[in-house]
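Novice: Can you read through this structure? Questions will come right after.
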Amino acid sequence: MFTAIQILLLAFVIFAISRVYLRLKENGVGRGVDIIVYISLALLFYLVFRIYVMIEDLRHQITYIIREIALSGSSKIRKNHKKPKK
């Protein structure tokens, strides 16, 4: 299943590729620098997306670790807590 950011990124990439194709078809890329700029922008958007994915993975890992620490800490408290004698 695609996330919202993936859908937006895919739409942008399709749009960018269509623009480049139309310019190439019309011989509209006059300078070699233009194609370098187009490729650089696509690469930057891809890298930002990869960083976003890495941050989300780290967030999930941190949540898991904190949950495990909290659960292990609560079990230690239960073991040390003695029931009052009647």
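Residues in the structure tokens are named by chain (A, B, ... in the order shown) and by number from 1 within that chain; ligands are numbered from 1 in the order shown.
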Do you know which residues are at most 10 Å from range 51-67 of chain A counting only C-alpha atoms, after dropping those on the same chain fewer than 6 positions away, and could you put them as a PyMOL selection string?

Specialist: chain A and resi 5+45+73

Novice: Fewer than 6 positions away in the same chain doesn't count, so skip those; otherwise give me all residues within 12 Å of range 35-43 of chain A, counting only C-alpha atoms, as a VMD selection string.

Specialist: chain A and resid 9 to 10 12 to 21 23 to 24 27 to 29 49 to 50

Novice: As a VMD selection string, please: all residues of chain A that backbone DSSP puts in alpha helix (DSSP H).

Specialist: chain A and resid 4 to 25 32 to 80

Novice: What does the distance from CA of Gln6 in chain A to CA of Asp34 in chain A come to in Å, to one decimal?

Specialist: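 Distance between the two atoms: 25.7 Å.
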